[in-house]
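Take a look at the structure below.
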Amino acid sequence: MTEVQEKVRDLSEKYGRRRENLLPILQGIVEKEHYLTSEAMIQVAKELDISAAEVYGTASFYSFLDTEQRGQYVIRVCKTISCDMKGKNSIIKAIEDVLKIKVGETTQSKMFTLLETNCLGWCHKAPAILINDEPYTNLTPAKIKAILGDYIRNAEGKQKIIGDIQYER
Ligand code: FES
């Protein structure tokens with residue numbers, strides 16, 4: 001049994017092998033692996049005795065269930081109207097400047113992925129982003145640069161990461 005198969009089996013045992021538990025099982029895999037591989041989705045289908053197409057359909061419906069390899073930290077910038085009007089483009093620009101990537105890309109270090117997403121439910125504190133599960137609100141370009149600086153400083157293997165990223169203190 002491969003490592004991925006073991007993880008899927010553990011999550012299936014934890015949540016139960018019923019169709020309604022598909023979502024928490026997929027979320028559990030993304031939490032550990034940062035994305036869903038074909039192998040993982042096929043194994044989930046076997047464990048739950050449903051079709052792989054159904055698993056893939058669910059995974060592709062939810063934007064937080066990544067089916068492509070992502071960085072350790074996935075930054076999701078809200079692109080919906082309140083955040084758009086409150087300057088989400090300046091937030092994206094600041095992130096792009098710091099990480100040297102564009103929306104949809106991952107840093108060479110595999111530390112960060114930058115994505116856009118729909119409303120995060122923090123419209124009253126726009127502009128808002130998520131870094132993995134952590135929300136950051138009322139952002140300004142200076143604030144997001146400081147936040148990214150903290151992530152970079154706290155990251156394991158800091159030296160390697162700083163090699164391809166510039167940030168402001
Ligand atoms: S519009 Fe951005 S959080 Fe709702």
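So you can find residues: chains in the structure tokens are A, B, ... in the order shown, residues in each start at 1, and ligands are numbered from 1 in order.
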Check every protein, DNA and RNA residue against ligand 1, keep those with an atom at most 10 Å away (counting only C-alpha atoms and all ligand atoms), and present them as a list in words. Val77, Cys78, Lys79, Thr80, Ile81, Ser82, Cys83, Asp84, Met85, Lys86, Lys88, Thr117, Asn118, Cys119, Leu120, Gly121, Trp122, Cys123, His124, Lys125, Ala126, Pro127, Ala128, Ile129, Leu130, Pro135 and Thr137 of chain A
Writing out the chosen residues with N, CA and C atoms as an mmCIF file, in the first residue's frame:
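Now in selection-v1.cif:
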```cif
data_model
loop_
_atom_site.group_PDB
_atom_site.id
_atom_site.type_symbol
_atom_site.label_atom_id
_atom_site.label_comp_id
_atom_site.auth_asym_id
_atom_site.auth_seq_id
_atom_site.Cartn_x
_atom_site.Cartn_y
_atom_site.Cartn_z
ATOM 1 N N VAL A 77 -6.872 35.420 -3.227
ATOM 2 C CA VAL A 77 -7.309 36.811 -3.139
ATOM 3 C C VAL A 77 -8.739 36.897 -3.651
ATOM 4 N N CYS A 78 -9.620 37.469 -2.829
ATOM 5 C CA CYS A 78 -11.023 37.612 -3.243
ATOM 6 C C CYS A 78 -11.114 38.583 -4.418
ATOM 7 N N LYS A 79 -11.836 38.150 -5.450
ATOM 8 C CA LYS A 79 -11.974 38.994 -6.655
ATOM 9 C C LYS A 79 -13.399 39.521 -6.802
ATOM 10 N N THR A 80 -14.242 39.274 -5.794
ATOM 11 C CA THR A 80 -15.642 39.671 -5.908
ATOM 12 C C THR A 80 -15.794 41.163 -5.602
ATOM 13 N N ILE A 81 -17.005 41.699 -5.833
ATOM 14 C CA ILE A 81 -17.180 43.140 -6.007
ATOM 15 C C ILE A 81 -16.654 44.019 -4.865
ATOM 16 N N SER A 82 -16.945 43.682 -3.613
ATOM 17 C CA SER A 82 -16.501 44.563 -2.510
ATOM 18 C C SER A 82 -14.979 44.656 -2.480
ATOM 19 N N CYS A 83 -14.332 43.513 -2.621
ATOM 20 C CA CYS A 83 -12.867 43.503 -2.592
ATOM 21 C C CYS A 83 -12.298 44.161 -3.845
ATOM 22 N N ASP A 84 -12.996 43.968 -4.948
ATOM 23 C CA ASP A 84 -12.557 44.597 -6.192
ATOM 24 C C ASP A 84 -12.592 46.114 -6.040
ATOM 25 N N MET A 85 -13.704 46.631 -5.477
ATOM 26 C CA MET A 85 -13.847 48.083 -5.324
ATOM 27 C C MET A 85 -12.893 48.641 -4.270
ATOM 28 N N LYS A 86 -12.496 47.808 -3.316
ATOM 29 C CA LYS A 86 -11.615 48.282 -2.234
ATOM 30 C C LYS A 86 -10.135 48.037 -2.545
ATOM 31 N N LYS A 88 -8.506 45.255 -4.562
ATOM 32 C CA LYS A 88 -7.850 43.930 -4.609
ATOM 33 C C LYS A 88 -6.724 43.881 -5.654
ATOM 34 N N THR A 117 -10.071 34.058 -5.973
ATOM 35 C CA THR A 117 -11.221 33.242 -5.591
ATOM 36 C C THR A 117 -12.449 34.129 -5.481
ATOM 37 N N ASN A 118 -13.611 33.505 -5.342
ATOM 38 C CA ASN A 118 -14.842 34.275 -5.139
ATOM 39 C C ASN A 118 -14.984 34.659 -3.676
ATOM 40 N N CYS A 119 -16.041 35.423 -3.383
ATOM 41 C CA CYS A 119 -16.272 36.015 -2.059
ATOM 42 C C CYS A 119 -15.941 35.056 -0.914
ATOM 43 N N LEU A 120 -15.180 35.586 0.043
ATOM 44 C CA LEU A 120 -14.754 34.791 1.198
ATOM 45 C C LEU A 120 -15.635 35.048 2.417
ATOM 46 N N GLY A 121 -16.630 35.937 2.262
ATOM 47 C CA GLY A 121 -17.515 36.235 3.387
ATOM 48 C C GLY A 121 -16.969 37.324 4.299
ATOM 49 N N TRP A 122 -15.945 38.023 3.873
ATOM 50 C CA TRP A 122 -15.371 39.116 4.671
ATOM 51 C C TRP A 122 -15.563 40.462 3.967
ATOM 52 N N CYS A 123 -16.673 40.582 3.208
ATOM 53 C CA CYS A 123 -16.903 41.769 2.389
ATOM 54 C C CYS A 123 -16.870 43.060 3.217
ATOM 55 N N HIS A 124 -17.359 42.996 4.475
ATOM 56 C CA HIS A 124 -17.389 44.178 5.340
ATOM 57 C C HIS A 124 -15.990 44.604 5.768
ATOM 58 N N LYS A 125 -15.003 43.746 5.499
ATOM 59 C CA LYS A 125 -13.613 44.099 5.830
ATOM 60 C C LYS A 125 -12.724 43.942 4.599
ATOM 61 N N ALA A 126 -13.274 44.306 3.459
ATOM 62 C CA ALA A 126 -12.539 44.170 2.201
ATOM 63 C C ALA A 126 -11.388 45.174 2.134
ATOM 64 N N PRO A 127 -10.341 44.858 1.381
ATOM 65 C CA PRO A 127 -10.109 43.628 0.633
ATOM 66 C C PRO A 127 -9.601 42.501 1.545
ATOM 67 N N ALA A 128 -10.001 41.274 1.176
ATOM 68 C CA ALA A 128 -9.698 40.121 2.013
ATOM 69 C C ALA A 128 -9.002 39.031 1.210
ATOM 70 N N ILE A 129 -8.177 38.287 1.911
ATOM 71 C CA ILE A 129 -7.524 37.120 1.297
ATOM 72 C C ILE A 129 -7.524 35.979 2.315
ATOM 73 N N LEU A 130 -7.237 34.792 1.813
ATOM 74 C CA LEU A 130 -6.945 33.657 2.684
ATOM 75 C C LEU A 130 -5.524 33.212 2.386
ATOM 76 N N PRO A 135 -7.750 33.892 7.383
ATOM 77 C CA PRO A 135 -8.180 35.102 6.673
ATOM 78 C C PRO A 135 -7.351 36.329 7.080
ATOM 79 N N THR A 137 -7.721 40.595 6.485
ATOM 80 C CA THR A 137 -8.733 41.539 6.000
ATOM 81 C C THR A 137 -8.237 42.979 6.114
#
```
If you run DSSP over the backbone, which residues in stretch 51-140 of chain A end up strand (DSSP E or B)? Put them as a list in words.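 Taking stretch 51-140 of chain A and keeping strand (DSSP E or B) only, one gets Tyr73, Val74, Ile75, Arg76, Val77, Cys78, Thr106, Phe112, Thr113, Leu114, Leu115, Glu116, Thr117, Ile129, Leu130, Ile131, Glu134, Pro135 and Tyr136 of chain A.
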So that I can see what lies close to A:Val44, please list as a VMD selection string the residues with an atom at most 12 Å from it, counting only C-alpha atoms and leaving out residues fewer than 3 positions away in the same chain. chain A and resid 4 to 13 15 to 19 21 to 29 36 to 41 47 to 56 58 to 59
Which of chain A fall in helix (DSSP H, G or I), as number ranges by chain: A: 3-15, 19-33, 38-48, 52-61, 81-85, 88-99, 123-125, 141-154, 158-162
Atom CA of A:His34 to atom CA of A:Ser90 measures 26.7 Å
Please indicate the distance in Å from atom CA of A:Phe61 to atom CA of A:Glu3, rounded to one decimal place.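 Value for the atom CA of A:Phe61-atom CA of A:Glu3 distance: 25.8 Å.
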Applying 8 Å and only C-alpha atoms, which residues near A:Thr106 remain after dropping the ones on its own chain fewer than 6 positions away? List them as number ranges by chain. A: 70-71, 112-114
May I ask for the distance between atom CA of A:Tyr73 and atom CA of A:Ala146, given in Å to one decimal place?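 Atom-to-atom, atom CA of A:Tyr73 to atom CA of A:Ala146, that is 15.5 Å.
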Residue nearest A:Glu31 - candidates A:Gly149, A:Met111, A:Asn132, A:Met1, atoms counted: only C-alpha atoms: A:Asn132
Which residue gives the smallest distance to A:Asp97 among A:Pro141, A:Glu134, A:Thr2, A:Glu33, with only C-alpha atoms counted?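 Among the listed residues, A:Pro141 lies closest to A:Asp97.
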Give the answer as one residue: which of A:Gly87, A:Tyr151, A:Asp66, A:Gly57 has the shortest atom-to-atom distance to A:Ala45, using only C-alpha atoms? A:Gly57
Could you check the closest approach to A:Ile131 for each of A:Lys145, A:Lys100, A:Arg153, A:Arg76 and tell me which residue wins, using only C-alpha atoms?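 For A:Ile131, the nearest of the candidates is A:Arg76.
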